[in-house]
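Containing compact mmCIF, C-alpha atoms and all ligand atoms: work.txt.
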```txt
# COMPACT_ATOMS: atom_id res chain seq x y z
CA MET A 6 10.66 -36.86 14.92
CA SER A 7 8.32 -38.52 12.44
CA ASP A 8 9.36 -39.13 8.84
CA PHE A 9 7.04 -36.28 7.88
CA THR A 10 8.45 -33.70 10.30
CA GLU A 11 11.97 -34.66 9.24
CA LEU A 12 11.31 -34.32 5.52
CA TRP A 13 9.20 -31.21 5.99
CA ALA A 14 12.02 -29.54 7.95
CA GLU A 15 14.38 -30.12 5.00
CA ILE A 16 12.38 -27.89 2.67
CA ALA A 17 10.87 -25.45 5.19
CA PRO A 18 13.62 -22.79 4.90
CA VAL A 19 13.74 -22.82 1.08
CA GLY A 20 12.39 -19.55 -0.30
CA ARG A 21 10.95 -18.39 3.02
CA ALA A 22 10.64 -14.60 3.20
CA GLU A 23 10.70 -12.37 6.27
CA SER A 24 6.90 -12.36 6.15
CA GLY A 25 7.02 -16.06 7.01
CA GLY A 26 5.48 -16.71 3.58
CA TYR A 27 7.23 -18.15 0.55
CA LEU A 28 8.68 -16.74 -2.67
CA ARG A 29 9.02 -19.92 -4.64
CA TYR A 30 8.28 -18.77 -8.17
CA ALA A 31 8.64 -21.30 -10.95
CA LEU A 32 12.18 -21.82 -12.24
CA THR A 33 13.73 -19.29 -9.83
CA PRO A 34 16.52 -20.31 -7.41
CA PRO A 35 14.28 -21.45 -4.50
CA GLU A 36 12.12 -23.57 -6.80
CA LEU A 37 15.24 -24.96 -8.50
CA THR A 38 16.58 -25.89 -5.06
CA LEU A 39 13.35 -27.79 -4.39
CA ARG A 40 13.75 -29.57 -7.73
CA ASP A 41 17.23 -30.66 -6.66
CA TRP A 42 15.70 -31.88 -3.40
CA PHE A 43 13.14 -33.83 -5.50
CA ARG A 44 15.95 -35.53 -7.45
CA THR A 45 17.70 -36.44 -4.19
CA GLN A 46 14.51 -37.93 -2.76
CA ALA A 47 13.96 -39.94 -5.94
CA ALA A 48 17.56 -41.19 -5.94
CA ARG A 49 17.23 -42.30 -2.31
CA ARG A 50 14.33 -44.48 -3.40
CA ASP A 51 15.92 -45.72 -6.65
CA MET A 52 13.27 -43.86 -8.61
CA ARG A 53 14.24 -42.61 -12.07
CA VAL A 54 13.62 -38.91 -12.74
CA THR A 55 12.49 -37.58 -16.11
CA ASP A 56 11.69 -34.07 -17.33
CA ASP A 57 8.91 -33.80 -19.89
CA GLY A 58 10.41 -30.81 -21.67
CA ASN A 59 7.63 -28.62 -20.30
CA GLY A 60 9.25 -27.98 -16.92
CA ASN A 61 7.38 -30.84 -15.19
CA LEU A 62 9.53 -33.32 -13.27
CA PHE A 63 8.57 -36.96 -12.65
CA ALA A 64 10.03 -39.62 -10.38
CA TRP A 65 9.11 -43.15 -11.42
CA ARG A 66 8.89 -46.51 -9.74
CA GLY A 67 8.74 -48.76 -12.77
CA GLU A 68 9.37 -47.61 -16.34
CA PRO A 69 8.45 -43.95 -17.08
CA TRP A 70 4.89 -43.76 -18.40
CA ALA A 71 4.42 -47.55 -18.14
CA PRO A 72 0.75 -48.42 -18.80
CA GLY A 73 -1.15 -48.73 -15.54
CA THR A 74 1.05 -46.28 -13.60
CA VAL A 75 -0.69 -44.29 -10.90
CA LEU A 76 0.46 -40.67 -10.80
CA THR A 77 0.54 -38.50 -7.70
CA GLY A 78 2.34 -35.29 -6.68
CA SER A 79 1.63 -31.57 -6.89
CA HIS A 80 3.69 -28.39 -7.33
CA PHE A 81 6.54 -26.52 -5.62
CA ASP A 82 5.77 -22.96 -6.74
CA SER A 83 3.98 -20.49 -4.48
CA VAL A 84 1.96 -17.31 -4.86
CA PRO A 85 3.83 -14.21 -3.58
CA HIS A 86 4.24 -14.72 0.17
CA GLY A 87 2.05 -17.81 0.06
CA GLY A 88 1.99 -20.66 2.54
CA GLY A 89 4.39 -23.58 2.47
CA TYR A 90 1.74 -26.30 2.24
CA ASP A 91 -0.06 -25.34 -0.97
CA GLY A 92 1.72 -27.62 -3.39
CA PRO A 93 4.77 -29.03 -1.58
CA LEU A 94 2.60 -31.01 0.85
CA GLY A 95 1.43 -33.12 -2.10
CA ILE A 96 5.01 -33.88 -3.18
CA VAL A 97 6.42 -34.61 0.29
CA SER A 98 3.39 -36.81 1.00
CA ALA A 99 3.87 -38.63 -2.29
CA PHE A 100 7.44 -39.68 -1.42
CA LEU A 101 6.41 -40.77 2.09
CA ALA A 102 3.38 -42.66 0.79
CA ALA A 103 5.65 -44.37 -1.76
CA ASP A 104 7.75 -45.62 1.19
CA LYS A 105 4.70 -47.29 2.71
CA ILE A 106 3.38 -49.22 -0.25
CA ASP A 107 4.39 -52.43 -1.97
CA LYS A 108 7.49 -51.70 -4.07
CA SER A 109 6.06 -53.57 -7.05
CA ARG A 110 3.45 -50.83 -7.60
CA LYS A 111 4.01 -48.67 -10.67
CA ILE A 112 3.83 -45.08 -9.52
CA GLY A 113 4.96 -41.68 -10.72
CA ILE A 114 5.47 -38.60 -8.56
CA ALA A 115 5.00 -35.31 -10.39
CA ALA A 116 6.27 -31.82 -9.61
CA PHE A 117 4.23 -29.67 -11.99
CA VAL A 118 5.69 -26.31 -13.01
CA GLU A 119 3.98 -22.91 -12.52
CA GLU A 120 0.74 -24.18 -10.96
CA GLU A 121 -0.02 -20.83 -9.37
CA GLY A 122 0.68 -18.70 -12.42
CA GLY A 123 2.52 -16.50 -9.93
CA ARG A 124 5.38 -15.83 -12.32
CA PHE A 125 4.03 -16.13 -15.88
CA GLY A 126 0.35 -15.40 -15.28
CA VAL A 127 -1.29 -18.62 -16.48
CA PRO A 128 -2.00 -21.13 -13.69
CA CYS A 129 -1.41 -24.86 -14.15
CA LEU A 130 0.93 -24.04 -17.02
CA GLY A 131 2.84 -27.33 -16.76
CA SER A 132 -0.23 -29.55 -16.74
CA ARG A 133 -1.82 -27.47 -19.52
CA LEU A 134 1.29 -28.03 -21.66
CA LEU A 135 1.44 -31.73 -20.85
CA THR A 136 -2.18 -32.24 -21.88
CA GLY A 137 -2.14 -29.88 -24.87
CA ALA A 138 -4.48 -27.34 -23.28
CA ILE A 139 -2.06 -24.52 -24.25
CA THR A 140 0.27 -24.43 -27.23
CA PRO A 141 4.04 -24.52 -26.63
CA GLU A 142 4.39 -21.25 -28.57
CA LYS A 143 1.82 -19.41 -26.44
CA ALA A 144 3.36 -20.74 -23.22
CA ALA A 145 6.88 -19.86 -24.38
CA SER A 146 5.85 -16.24 -25.01
CA LEU A 147 4.37 -15.60 -21.53
CA ARG A 148 6.40 -12.98 -19.68
CA ASP A 149 7.16 -12.52 -16.01
CA ARG A 150 7.25 -9.12 -14.27
CA ASP A 151 10.87 -8.58 -15.39
CA GLY A 152 10.09 -9.30 -19.04
CA ILE A 153 11.66 -12.79 -19.05
CA THR A 154 9.64 -15.27 -21.08
CA PHE A 155 8.71 -18.77 -19.96
CA GLY A 156 10.67 -20.09 -22.95
CA GLU A 157 13.78 -18.21 -21.79
CA ALA A 158 13.38 -19.42 -18.20
CA LEU A 159 12.91 -23.00 -19.40
CA GLY A 160 15.82 -22.81 -21.86
CA GLY A 161 13.74 -23.35 -25.00
CA THR A 162 10.25 -23.82 -26.38
CA PRO A 163 8.34 -26.37 -24.27
CA ARG A 164 7.70 -29.75 -25.85
CA GLY A 165 3.95 -29.62 -25.30
CA HIS A 166 1.41 -32.43 -25.33
CA ASP A 167 2.74 -35.84 -24.36
CA PRO A 168 0.38 -38.58 -25.56
CA ARG A 169 1.85 -40.98 -22.98
CA ILE A 170 -0.33 -39.27 -20.39
CA ALA A 171 -3.03 -41.66 -21.66
CA ASN A 172 -1.01 -44.56 -20.17
CA VAL A 173 -1.66 -43.29 -16.66
CA ALA A 174 -4.30 -45.36 -14.87
CA ALA A 175 -5.22 -42.59 -12.44
CA LEU A 176 -3.92 -39.37 -10.92
CA VAL A 177 -4.37 -38.59 -7.22
CA GLU A 178 -3.21 -35.18 -5.99
CA LEU A 179 -3.04 -34.60 -2.25
CA HIS A 180 -3.45 -30.94 -1.22
CA ILE A 181 -4.03 -28.85 1.83
CA GLU A 182 -7.71 -27.79 2.02
CA GLN A 183 -8.11 -24.08 1.38
CA GLY A 184 -11.34 -23.39 3.21
CA ARG A 185 -12.89 -24.35 6.51
CA ALA A 186 -15.27 -26.99 5.16
CA LEU A 187 -13.17 -30.01 6.16
CA THR A 188 -13.56 -30.81 9.86
CA VAL A 189 -11.83 -34.22 9.89
CA PRO A 190 -8.20 -34.86 8.90
CA VAL A 191 -8.78 -36.08 5.34
CA GLY A 192 -11.42 -35.46 2.66
CA VAL A 193 -11.95 -36.26 -1.03
CA ALA A 194 -12.65 -33.68 -3.76
CA SER A 195 -15.87 -33.67 -5.74
CA ALA A 196 -15.44 -30.64 -8.00
CA ILE A 197 -13.52 -27.45 -8.74
CA TRP A 198 -15.44 -24.25 -9.37
CA PRO A 199 -14.99 -22.72 -12.82
CA HIS A 200 -12.69 -19.73 -12.49
CA GLY A 201 -10.51 -17.32 -14.38
CA ARG A 202 -8.32 -14.24 -14.53
CA TRP A 203 -9.19 -11.14 -16.51
CA ARG A 204 -6.67 -8.31 -17.00
CA MET A 205 -8.35 -4.92 -16.96
CA ASP A 206 -6.48 -1.94 -18.45
CA PHE A 207 -7.97 1.39 -17.42
CA ALA A 208 -6.44 4.19 -19.52
CA GLY A 209 -6.81 7.85 -18.65
CA VAL A 210 -4.90 11.10 -18.92
CA GLY A 211 -1.85 11.58 -16.74
CA ASP A 212 -1.58 15.09 -15.32
CA HIS A 213 -0.46 17.24 -12.40
CA ALA A 214 -2.14 16.44 -9.05
CA GLY A 215 -1.90 20.04 -7.85
CA THR A 216 -2.97 22.01 -10.88
CA THR A 217 -5.55 19.90 -12.74
CA LEU A 218 -9.09 20.99 -11.86
CA MET A 219 -11.17 18.15 -10.48
CA ALA A 220 -13.71 18.66 -13.27
CA ASP A 221 -11.02 18.38 -15.95
CA ARG A 222 -9.64 15.00 -14.92
CA HIS A 223 -9.79 11.65 -16.72
CA ASP A 224 -8.56 9.61 -13.80
CA PRO A 225 -8.45 5.82 -14.40
CA MET A 226 -7.98 5.23 -10.66
CA LEU A 227 -11.60 6.26 -10.14
CA THR A 228 -12.87 3.81 -12.75
CA PHE A 229 -10.67 1.12 -11.24
CA ALA A 230 -11.86 1.80 -7.67
CA PHE A 231 -15.50 1.72 -8.79
CA THR A 232 -14.87 -1.57 -10.60
CA VAL A 233 -13.33 -3.23 -7.54
CA LEU A 234 -16.39 -2.33 -5.47
CA ALA A 235 -18.75 -3.41 -8.24
CA ALA A 236 -17.02 -6.79 -8.54
CA ASN A 237 -17.34 -7.33 -4.81
CA LYS A 238 -21.02 -6.42 -4.85
CA GLU A 239 -21.86 -8.57 -7.88
CA ALA A 240 -20.04 -11.56 -6.37
CA ARG A 241 -21.93 -11.22 -3.11
CA LEU A 242 -25.25 -10.95 -4.93
CA SER A 243 -24.61 -14.06 -7.01
CA GLY A 244 -23.01 -16.27 -4.34
CA ALA A 245 -19.74 -16.20 -6.28
CA HIS A 246 -16.21 -14.96 -5.48
CA ALA A 247 -14.47 -11.95 -7.03
CA THR A 248 -11.08 -10.58 -6.03
CA VAL A 249 -8.74 -7.87 -7.28
CA GLY A 250 -5.44 -8.72 -5.59
CA ARG A 251 -2.94 -7.32 -8.04
CA VAL A 252 -2.66 -3.83 -9.45
CA GLN A 253 -0.11 -1.74 -11.37
CA VAL A 254 -0.25 2.04 -11.69
CA GLU A 255 1.56 4.25 -14.18
CA PRO A 256 3.44 6.39 -13.48
CA ASN A 257 2.79 5.39 -9.83
CA ALA A 258 3.63 8.86 -8.46
CA THR A 259 2.02 10.44 -5.41
CA ASN A 260 1.63 13.78 -7.14
CA ALA A 261 0.46 12.67 -10.59
CA ILE A 262 -2.96 11.60 -11.83
CA PRO A 263 -2.31 8.11 -13.24
CA SER A 264 -2.30 7.56 -16.98
CA LEU A 265 -2.96 3.83 -16.59
CA VAL A 266 -4.23 1.47 -13.94
CA ARG A 267 -3.98 -2.23 -14.66
CA GLY A 268 -5.80 -4.63 -12.33
CA TRP A 269 -6.48 -8.34 -12.45
CA LEU A 270 -9.95 -9.69 -11.67
CA ASP A 271 -9.99 -13.23 -10.26
CA ALA A 272 -13.56 -14.55 -10.45
CA ARG A 273 -14.99 -17.93 -9.48
CA ALA A 274 -18.45 -19.46 -9.13
CA ALA A 275 -20.07 -22.82 -8.56
CA ASP A 276 -21.27 -23.00 -12.17
CA THR A 277 -20.23 -21.57 -15.51
CA ALA A 278 -23.42 -19.58 -16.15
CA THR A 279 -23.05 -17.72 -12.84
CA LEU A 280 -19.39 -17.03 -13.53
CA GLU A 281 -20.11 -15.68 -17.02
CA ARG A 282 -22.95 -13.50 -15.74
CA LEU A 283 -20.74 -12.13 -12.97
CA VAL A 284 -17.88 -11.19 -15.30
CA ASP A 285 -20.27 -9.72 -17.91
CA GLU A 286 -21.94 -7.58 -15.27
CA VAL A 287 -18.63 -6.32 -13.83
CA VAL A 288 -17.38 -5.40 -17.31
CA ARG A 289 -20.71 -3.73 -18.19
CA LYS A 290 -20.64 -1.57 -15.06
CA ALA A 291 -16.93 -0.76 -15.45
CA THR A 292 -17.44 0.26 -19.08
CA GLU A 293 -20.37 2.47 -18.18
CA ARG A 294 -18.33 4.12 -15.42
CA ALA A 295 -15.39 4.60 -17.82
CA GLY A 296 -17.76 6.54 -20.06
CA ARG A 297 -18.57 8.89 -17.18
CA ASP A 298 -14.90 9.27 -16.17
CA GLY A 299 -13.65 9.86 -19.70
CA THR A 300 -11.38 6.85 -19.43
CA ALA A 301 -11.10 3.70 -21.53
CA LEU A 302 -11.28 0.06 -20.46
CA ALA A 303 -9.83 -2.98 -22.21
CA VAL A 304 -10.45 -6.44 -20.76
CA THR A 305 -8.26 -9.44 -21.66
CA PRO A 306 -9.03 -12.95 -20.36
CA GLU A 307 -5.64 -14.36 -19.36
CA SER A 308 -6.84 -17.81 -18.35
CA VAL A 309 -10.28 -19.30 -17.96
CA SER A 310 -10.78 -22.77 -16.47
CA GLY A 311 -14.06 -24.60 -16.88
CA GLU A 312 -15.96 -26.44 -14.21
CA VAL A 313 -14.31 -29.71 -13.08
CA ALA A 314 -16.40 -32.59 -11.80
CA PHE A 315 -14.04 -35.29 -10.59
CA ASP A 316 -14.87 -38.91 -11.44
CA GLU A 317 -17.83 -39.46 -9.10
CA ALA A 318 -17.45 -43.22 -8.79
CA LEU A 319 -13.75 -42.88 -8.03
CA ALA A 320 -14.39 -40.22 -5.36
CA LYS A 321 -17.02 -42.45 -3.74
CA ARG A 322 -14.67 -45.46 -3.89
CA LEU A 323 -11.88 -43.48 -2.19
CA SER A 324 -14.25 -42.08 0.41
CA ASP A 325 -15.43 -45.63 1.27
CA LEU A 326 -11.84 -46.81 1.41
CA LEU A 327 -11.01 -43.97 3.81
CA ASP A 328 -13.77 -44.77 6.30
CA GLY A 329 -16.33 -42.41 4.81
CA ALA A 330 -14.05 -39.40 4.31
CA PRO A 331 -16.23 -36.41 3.36
CA ILE A 332 -16.51 -35.48 -0.31
CA LEU A 333 -16.38 -31.74 -0.91
CA PRO A 334 -15.93 -29.17 -3.71
CA THR A 335 -13.33 -26.41 -3.80
CA GLY A 336 -12.97 -22.94 -5.25
CA ALA A 337 -9.21 -23.42 -5.74
CA GLY A 338 -7.64 -24.48 -9.02
CA HIS A 339 -5.34 -27.52 -9.28
CA ASP A 340 -3.31 -29.44 -11.87
CA ALA A 341 -5.59 -32.39 -11.05
CA GLY A 342 -8.43 -30.32 -12.55
CA VAL A 343 -6.58 -29.96 -15.85
CA LEU A 344 -5.66 -33.65 -15.94
CA SER A 345 -9.19 -34.75 -15.09
CA ALA A 346 -10.22 -34.11 -18.71
CA HIS A 347 -7.80 -36.86 -19.81
CA ILE A 348 -7.44 -39.53 -17.12
CA PRO A 349 -9.40 -40.72 -14.05
CA THR A 350 -8.49 -38.18 -11.41
CA ALA A 351 -9.10 -37.66 -7.71
CA MET A 352 -7.89 -35.34 -4.99
CA LEU A 353 -7.34 -35.85 -1.28
CA PHE A 354 -7.59 -32.83 1.00
CA VAL A 355 -5.83 -32.43 4.36
CA ARG A 356 -7.63 -30.37 6.97
CA ASN A 357 -6.69 -26.70 7.32
CA PRO A 358 -7.95 -25.58 10.76
CA THR A 359 -8.27 -21.89 9.90
CA GLY A 360 -8.97 -22.34 6.21
CA VAL A 361 -6.41 -19.62 5.44
CA SER A 362 -4.35 -20.19 2.30
CA HIS A 363 -2.27 -18.13 -0.17
CA SER A 364 -0.98 -16.43 3.00
CA PRO A 365 1.89 -16.99 5.43
CA ALA A 366 -0.76 -18.07 7.98
CA GLU A 367 -1.64 -21.22 5.98
CA HIS A 368 -1.18 -24.27 8.21
CA ALA A 369 -1.98 -27.96 8.73
CA SER A 370 -1.00 -29.97 11.81
CA ASP A 371 1.70 -32.63 11.54
CA GLU A 372 -0.84 -35.23 12.73
CA ASP A 373 -3.24 -34.36 9.93
CA CYS A 374 -0.44 -34.38 7.36
CA GLU A 375 0.55 -37.84 8.60
CA ALA A 376 -3.08 -38.95 8.26
CA GLY A 377 -2.99 -37.57 4.70
CA ILE A 378 0.11 -39.64 3.90
CA GLU A 379 -1.56 -42.79 5.27
CA ALA A 380 -4.64 -42.06 3.18
CA LEU A 381 -2.57 -41.47 0.06
CA ALA A 382 -0.68 -44.74 0.61
CA THR A 383 -3.99 -46.59 1.00
CA VAL A 384 -5.29 -45.03 -2.21
CA LEU A 385 -2.11 -45.77 -4.19
CA GLU A 386 -2.28 -49.42 -3.09
CA GLU A 387 -5.93 -49.58 -4.09
CA LEU A 388 -5.48 -48.04 -7.52
CA GLY A 389 -2.08 -49.48 -8.45
C1 LIG B 1 -4.55 -21.78 -7.16
O1 LIG B 1 -4.27 -22.10 -6.02
C2 LIG B 1 -5.72 -20.97 -7.39
O2 LIG B 1 -6.83 -21.46 -7.16
O3 LIG B 1 -5.56 -19.82 -7.75
MN MN B 2 -2.53 -22.16 -4.65
MN MN B 3 -1.90 -25.73 -5.05
```

Translate this file's structure into structure tokens.
Ligand code: GLV
Ligand code: MN
Ligand code: MN
Amino acid sequence: MSDFTELWAEIAPVGRAESGGYLRYALTPPELTLRDWFRTQAARRDMRVTDDGNGNLFAWRGEPWAPGTVLTGSHFDSVPHGGGYDGPLGIVSAFLAADKIDKSRKIGIAAFVEEEGGRFGVPCLGSRLLTGAITPEKAASLRDRDGITFGEALGGTPRGHDPRIANVAALVELHIEQGRALTVPVGVASAIWPHGRWRMDFAGVGDHAGTTLMADRHDPMLTFAFTVLAANKEARLSGAHATVGRVQVEPNATNAIPSLVRGWLDARAADTATLERLVDEVVRKATERAGRDGTALAVTPESVSGEVAFDEALAKRLSDLLDGAPILPTGAGHDAGVLSAHIPTAMLFVRNPTGVSHSPAEHASDEDCEAGIEALATVLEELG
């Protein structure tokens, strides 16, 4: 058994559902178990653990936030029934890379909270708080599906921006690749597509499914269905991505015309202008259709993340260091993207043979993960 397979086996059962995917929502028991595991790993390596008051955990070799520290790590939380690699691979790899490098290097290993926004709706919540990209009050008020606020789950209002982030010399997040573009074990990130989440509330008139004449209906499900198809079409036409993967229906009864359909549009594009045009066009078409259906549409942006171009010179330097590892963009969001506005930041990707992610089928081979750990160790030595 390699060190990787051994460590990976320790966390593999935590939060695994019958689907084979994971339910590791931020600050719920499985994620708290992983945080305990993080503390144990840090203690084994004599690394001090601190909590930044925002829900982010850090394990330090050297003084916490010492100038010149190189930060690595990722997140434990998953999307509903997501894969086990998205996030935890970056943390497990960080501890194993730390074992390989000179012990005099100042490093920090981060476990960022709520990266997926799977519980409270805003992705990269921990890194946004740490860098001041969201206010503590706004973050504290975000609610999960049971009505519990982030502040309640955390045990108080988050502390917010920590200026000591400026002491960090560089951040390197290792992550499983989430497409099929990487055909060798390890790559380096160039950019993250701008992306966002828009909540769409379609309001209509609830009524009896058996007695309401078809001509008399104001059915928001029709407006919603049209909008899903329109989003797909507009994305295809503009070379962008649009997804509606979450929906709520009220009253959600087989024999009642819904009074409300709430759906979330996830949209992403290679550049901001394309993304804005895509969302504007979807909303325009949905609004026009609502007029014909006699329904009403309200659109609320829940989080919008701008385009990220990682430090080009740093990416090139890491690629050269890693024997010409390919440099590639991604459509997935990451805490590294949020931090890149504040400190030199890079990402390493580990090959994903099928490209499938946010699904129980997400996978990377042990050999590729081990190559990722080697690469991360090389990079930490170089930057530290
Ligand atoms: C996070 O993985 C995202 O891109 O949604
Ligand atoms: Mn993810
Ligand atoms: Mn991730």

Q. Ligand LIG 1 (chain B): which residues are within 6 Å, counting all atoms listed in the file, as a list in words?
A.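 What falls inside 6 Å of ligand LIG 1 (chain B) is Glu121, Ala337 and Gly338 of chain A.
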
Resulting file, chosen residues, C-alpha atoms, as a PDB file, in the coordinates of the input:
```pdb
ATOM      1  CA  GLU A 121      -0.020 -20.830  -9.370  1.00  0.00           C
ATOM      2  CA  ALA A 337      -9.210 -23.420  -5.740  1.00  0.00           C
ATOM      3  CA  GLY A 338      -7.640 -24.480  -9.020  1.00  0.00           C
TER       4      GLY A 338
END
```

Q: For Ile112 in chain A, please output as number ranges by chain all residues within 7 Å (counting all atoms listed in the file; exclusion window: fewer than 5 positions along the same chain).
A: A: 65-67, 74-76

**Q.** Å distance separating CA of Thr38 in chain A from CA of Val54 in chain A, one decimal place
**A.**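 So the two atoms, CA of Thr38 in chain A and CA of Val54 in chain A, lie 15.4 Å apart.
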
Counting all atoms listed in the file, what are the residues of range 296-384 of chain A within 6 Å of range 211-233 of chain A, and for each of them which pair of atoms is the nearest and at what distance in Å, to one decimal? Sort the table by chain and rising number, as a tab-separated table.
```
residue	atom	partner	partner_atom	distance
A:Asp298	CA	A:His223	CA	5.7
A:Gly299	CA	A:His223	CA	5.2
A:Thr300	CA	A:His223	CA	5.7
```

Do a neighbour search on Asn61 in chain A at 10 Å with all atoms listed in the file, toss out local chain neighbours closer than 6 positions, and write the hits as a PDB file with C-alpha atoms, in the frame of the given file.
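Saved the output as part22.pdb:
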```pdb
ATOM      1  CA  ARG A  40      13.750 -29.570  -7.730  1.00  0.00           C
ATOM      2  CA  THR A  55      12.490 -37.580 -16.110  1.00  0.00           C
ATOM      3  CA  HIS A  80       3.690 -28.390  -7.330  1.00  0.00           C
ATOM      4  CA  ALA A 115       5.000 -35.310 -10.390  1.00  0.00           C
ATOM      5  CA  ALA A 116       6.270 -31.820  -9.610  1.00  0.00           C
ATOM      6  CA  PHE A 117       4.230 -29.670 -11.990  1.00  0.00           C
ATOM      7  CA  VAL A 118       5.690 -26.310 -13.010  1.00  0.00           C
ATOM      8  CA  GLU A 119       3.980 -22.910 -12.520  1.00  0.00           C
ATOM      9  CA  LEU A 130       0.930 -24.040 -17.020  1.00  0.00           C
ATOM     10  CA  GLY A 131       2.840 -27.330 -16.760  1.00  0.00           C
ATOM     11  CA  SER A 132      -0.230 -29.550 -16.740  1.00  0.00           C
ATOM     12  CA  LEU A 134       1.290 -28.030 -21.660  1.00  0.00           C
ATOM     13  CA  LEU A 135       1.440 -31.730 -20.850  1.00  0.00           C
TER      14      LEU A 135
END
```

Q) Residues within 8 Å of ligand MN 2 (chain B) (all atoms listed in the file), as an MDAnalysis selection string? A) chainID A and resid 83:84 87 91:92 120:121 337:339 362:363

Dump as an mmCIF file, keeping the file's coordinate frame, selection limited to C-alpha atoms:
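After the write, part_10.cif holds the following:
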```
data_model
loop_
_atom_site.group_PDB
_atom_site.id
_atom_site.type_symbol
_atom_site.label_atom_id
_atom_site.label_comp_id
_atom_site.auth_asym_id
_atom_site.auth_seq_id
_atom_site.Cartn_x
_atom_site.Cartn_y
_atom_site.Cartn_z
ATOM 1 C CA SER A 83 3.980 -20.490 -4.480
ATOM 2 C CA VAL A 84 1.960 -17.310 -4.860
ATOM 3 C CA GLY A 87 2.050 -17.810 0.060
ATOM 4 C CA ASP A 91 -0.060 -25.340 -0.970
ATOM 5 C CA GLY A 92 1.720 -27.620 -3.390
ATOM 6 C CA GLU A 120 0.740 -24.180 -10.960
ATOM 7 C CA GLU A 121 -0.020 -20.830 -9.370
ATOM 8 C CA ALA A 337 -9.210 -23.420 -5.740
ATOM 9 C CA GLY A 338 -7.640 -24.480 -9.020
ATOM 10 C CA HIS A 339 -5.340 -27.520 -9.280
ATOM 11 C CA SER A 362 -4.350 -20.190 2.300
ATOM 12 C CA HIS A 363 -2.270 -18.130 -0.170
#
```

Could you list, as a PDB file with C-alpha atoms, in the frame of the given file, every residue within 12 Å of Ala278 in chain A, counting all atoms listed in the file and ignoring same-chain residues fewer than 4 positions away?
```pdb
ATOM      1  CA  TRP A 198     -15.440 -24.250  -9.370  1.00  0.00           C
ATOM      2  CA  PRO A 199     -14.990 -22.720 -12.820  1.00  0.00           C
ATOM      3  CA  HIS A 200     -12.690 -19.730 -12.490  1.00  0.00           C
ATOM      4  CA  SER A 243     -24.610 -14.060  -7.010  1.00  0.00           C
ATOM      5  CA  ALA A 245     -19.740 -16.200  -6.280  1.00  0.00           C
ATOM      6  CA  ARG A 273     -14.990 -17.930  -9.480  1.00  0.00           C
ATOM      7  CA  ALA A 274     -18.450 -19.460  -9.130  1.00  0.00           C
ATOM      8  CA  ARG A 282     -22.950 -13.500 -15.740  1.00  0.00           C
ATOM      9  CA  LEU A 283     -20.740 -12.130 -12.970  1.00  0.00           C
ATOM     10  CA  VAL A 284     -17.880 -11.190 -15.300  1.00  0.00           C
ATOM     11  CA  ASP A 285     -20.270  -9.720 -17.910  1.00  0.00           C
ATOM     12  CA  GLY A 311     -14.060 -24.600 -16.880  1.00  0.00           C
ATOM     13  CA  GLU A 312     -15.960 -26.440 -14.210  1.00  0.00           C
TER      14      GLU A 312
END
```

Q.
Which residue is closest to ligand MN 3 (chain B)? Choose from A:Phe63, A:Trp269, A:Phe81, A:Tyr27 and count only C-alpha atoms and all ligand atoms.
A.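 Distance minimum relative to ligand MN 3 (chain B) lands on A:Phe81.
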
Q. Out of A:Gly161, A:Ile153, A:Val287, A:Gly88, which residue has the shortest atom-to-atom distance to ligand MN 3 (chain B) when counting all atoms listed in the file?
A.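 Among A:Gly161, A:Ile153, A:Val287, A:Gly88, it is A:Gly88 that comes nearest to ligand MN 3 (chain B).
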
Q: Rank nothing, just name the residue among A:Leu280, A:Leu242, A:Leu179, A:Ala247 nearest to Val191 in chain A, using all atoms listed in the file.
A: A:Leu179

(Q) Using all atoms listed in the file, which protein or nucleic acid residues come within 9 Å of range 371-386 of chain A? Drop anything in the same chain fewer than 3 positions from it, and give the result as a PyMOL selection string. (A) chain A and resi 7-10+75-77+94-95+97-99+101-107+110+112+177-181+189-192+323+326-327+353-357+389

Around range 39-54 of chain A, with edges along x, y and z and 6 Å added on all six sides, what centre and edge lengths do you get, in Å to one decimal, as AutoDock Vina command-line options?
```
--center_x 15.4 --center_y -36.8 --center_z -7.5 --size_x 16.6 --size_y 29.9 --size_z 22.4
```

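Pairwise distance (CA of Glu23 in chain A, CA of Gly89 in chain A) equals 13.4 Å.
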
Q. For ligand MN 3 (chain B), which residue out of A:Gly25, A:Gly156, A:Pro34, A:Pro128 is the nearest one, using all atoms listed in the file?
A.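 Using all atoms listed in the file, ligand MN 3 (chain B) sits closest to A:Pro128.
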
Q) For ligand MN 3 (chain B), which of A:Ala341, A:Leu388, A:Val361, A:Val266 is the closest residue, counting all atoms listed in the file? A)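 The answer is A:Ala341, which sits nearest to ligand MN 3 (chain B).
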